[in-house]
Amino acid sequence: MNYLIKDIKVNERPRERLLKYGAGSLSNEELLSIILKTGTKNKSVKSLSMDVLNLFDNITDLQEITVNKLTSIKGIGVVKALELIASIELGRRVFIKKEEKKYKLSNPLDIFLTNKYLFTNKKQEYFYCLYLNNKNELIERKLLFMGTVNKSIVHPREVFKYAYLASASSIVCMHNHPSGDVTPSKDDIIFTKALVEVGKLQNIPVLDHIIVGEDNYYSFQNEGMIDL
């Protein structure tokens, strides 16, 4: 049924429940209702929230939502879509920052296992740089490029610009092959060699370049392709 918020007892409304019991006590529908704020003339915000949730089998899939997907729902315009996407991204960053303080990147397998979720179900290439301090602890993670299924273009200057901004001591690069085949392409090899050479000149070594597949990876360091 299309219940309106005003039809719910005051102490049972999402905002009041959040104030009284905390965010952890709210359902996914209630949390979305608070973010979306209002419904439409013919649809309550609760119904609108359910329409969003019904797009997915699992709440974690909400992180992949797009503006176009959201605005396909009658009652959600661009502003509501942007507010929801911004809320999801902020939550993701809070979680990542909390987790990043807990681990040290010591080898390619650790790096892969810790960061492979970044590439889960991605249908195009994503290129990340992990910026490390002198203890090999992650201090910044930066998405530098999102590309087509078969082409990724990143310039070395972008990689090292953020290294300086983060005061990084070293860099690990990661990108995915949506095909699942982690064999480096000719372009991957040329680009990695260029990055390594620039890193030597800048005294900010590129420790590894890891290509991620569905559940496997290729490490330039492991394969002796990077001479430190």
# chains A, B, ... in the order shown; residues from 1 in each chain; ligands from 1

$ residues_around --residues "region 75-80 of chain A" --least-positions-apart "6" --cutoff "12 Å" --atoms "only C-alpha atoms" --output "count of residues only"
26

$ select_by_dssp --residues "region 85-222 of chain A" --states "strand (DSSP E)" --output "number ranges by chain"
A: 126-132, 138-146, 170-176, 206-212, 217-219

$ select_by_dssp --residues "region 85-136 of chain A" --states "helix (DSSP H, G or I)" --output "PyMOL selection string"
chain A and resi 85-100+108-119

$ write_last_selection --atoms "C-alpha atoms" --output "compact mmCIF listing (two decimals), in the first residue's frame"
# COMPACT_ATOMS: atom_id res chain seq x y z
CA ILE A 85 24.58 8.89 -5.26
CA ALA A 86 26.50 11.46 -3.19
CA SER A 87 25.31 9.78 0.04
CA ILE A 88 26.43 6.37 -1.19
CA GLU A 89 29.84 7.68 -2.24
CA LEU A 90 30.36 9.47 1.08
CA GLY A 91 29.55 6.26 2.96
CA ARG A 92 31.96 4.32 0.76
CA ARG A 93 34.76 6.81 1.46
CA VAL A 94 34.16 6.74 5.21
CA PHE A 95 34.35 2.95 5.17
CA ILE A 96 37.47 2.89 2.99
CA LYS A 97 39.30 5.41 5.17
CA LYS A 98 38.46 3.41 8.27
CA GLU A 99 39.76 0.20 6.73
CA GLU A 100 42.85 1.75 5.17
CA PRO A 108 51.22 -8.34 -4.50
CA LEU A 109 48.81 -10.93 -3.11
CA ASP A 110 47.95 -8.70 -0.14
CA ILE A 111 47.39 -5.78 -2.47
CA PHE A 112 45.14 -7.84 -4.74
CA LEU A 113 43.05 -9.31 -1.93
CA THR A 114 42.64 -5.97 -0.19
CA ASN A 115 41.63 -4.02 -3.29
CA LYS A 116 39.98 -6.47 -5.68
CA TYR A 117 36.51 -5.33 -4.59
CA LEU A 118 37.19 -2.08 -6.44
CA PHE A 119 36.87 -3.96 -9.71

$ atom_distance --atom1 "CA of Val159 (chain A)" --atom2 "CA of Phe191 (chain A)"
11.6 Å

$ residues_around --residues "region 181-185 of chain A" --least-positions-apart "2" --cutoff "7 Å" --atoms "only C-alpha atoms" --output "list in words"
His177, Ser179, Asp187, Asp188, Ile189, Ile211, Val212, Gly213, Tyr217 and Tyr218 of chain A

$ write_last_selection --atoms "C-alpha atoms" --output "PDB file, in the first residue's frame"
ATOM      1  CA  HIS A 177      40.796  -6.351 -17.648  1.00  0.00           C
ATOM      2  CA  SER A 179      37.592  -9.816 -20.173  1.00  0.00           C
ATOM      3  CA  ASP A 187      50.339  -1.032 -24.206  1.00  0.00           C
ATOM      4  CA  ASP A 188      50.291  -2.197 -20.571  1.00  0.00           C
ATOM      5  CA  ILE A 189      53.961  -3.186 -20.791  1.00  0.00           C
ATOM      6  CA  ILE A 211      46.225  -6.313 -13.500  1.00  0.00           C
ATOM      7  CA  VAL A 212      43.017  -7.668 -11.995  1.00  0.00           C
ATOM      8  CA  GLY A 213      40.744 -10.279 -13.564  1.00  0.00           C
ATOM      9  CA  TYR A 217      45.759 -11.124 -11.039  1.00  0.00           C
ATOM     10  CA  TYR A 218      49.034 -10.435 -12.814  1.00  0.00           C
TER      11      TYR A 218
END

$ atom_distance --atom1 "CA of Glu137 (chain A)" --atom2 "CA of Lys161 (chain A)"
19.0 Å

$ residues_around --residues "Ile171 (chain A)" --least-positions-apart "4" --cutoff "8 Å" --atoms "only C-alpha atoms" --output "ChimeraX atom specification"
/A:129-132,163,204-208

$ write_last_selection --atoms "C-alpha atoms" --output "PDB file, in the first residue's frame"
ATOM      1  CA  CYS A 129      46.984   4.305  -8.019  1.00  0.00           C
ATOM      2  CA  LEU A 130      47.772   3.382  -4.425  1.00  0.00           C
ATOM      3  CA  TYR A 131      50.056   5.894  -2.775  1.00  0.00           C
ATOM      4  CA  LEU A 132      52.218   4.591   0.068  1.00  0.00           C
ATOM      5  CA  ALA A 163      51.954  11.269  -5.535  1.00  0.00           C
ATOM      6  CA  ILE A 204      59.123   7.907  -6.119  1.00  0.00           C
ATOM      7  CA  PRO A 205      59.429   4.270  -7.221  1.00  0.00           C
ATOM      8  CA  VAL A 206      56.575   2.390  -8.850  1.00  0.00           C
ATOM      9  CA  LEU A 207      56.682  -0.839  -6.853  1.00  0.00           C
ATOM     10  CA  ASP A 208      54.185  -2.793  -8.910  1.00  0.00           C
TER      11      ASP A 208
END

$ atom_distance --atom1 "CA of Ile226 (chain A)" --atom2 "CA of Lys123 (chain A)"
27.9 Å
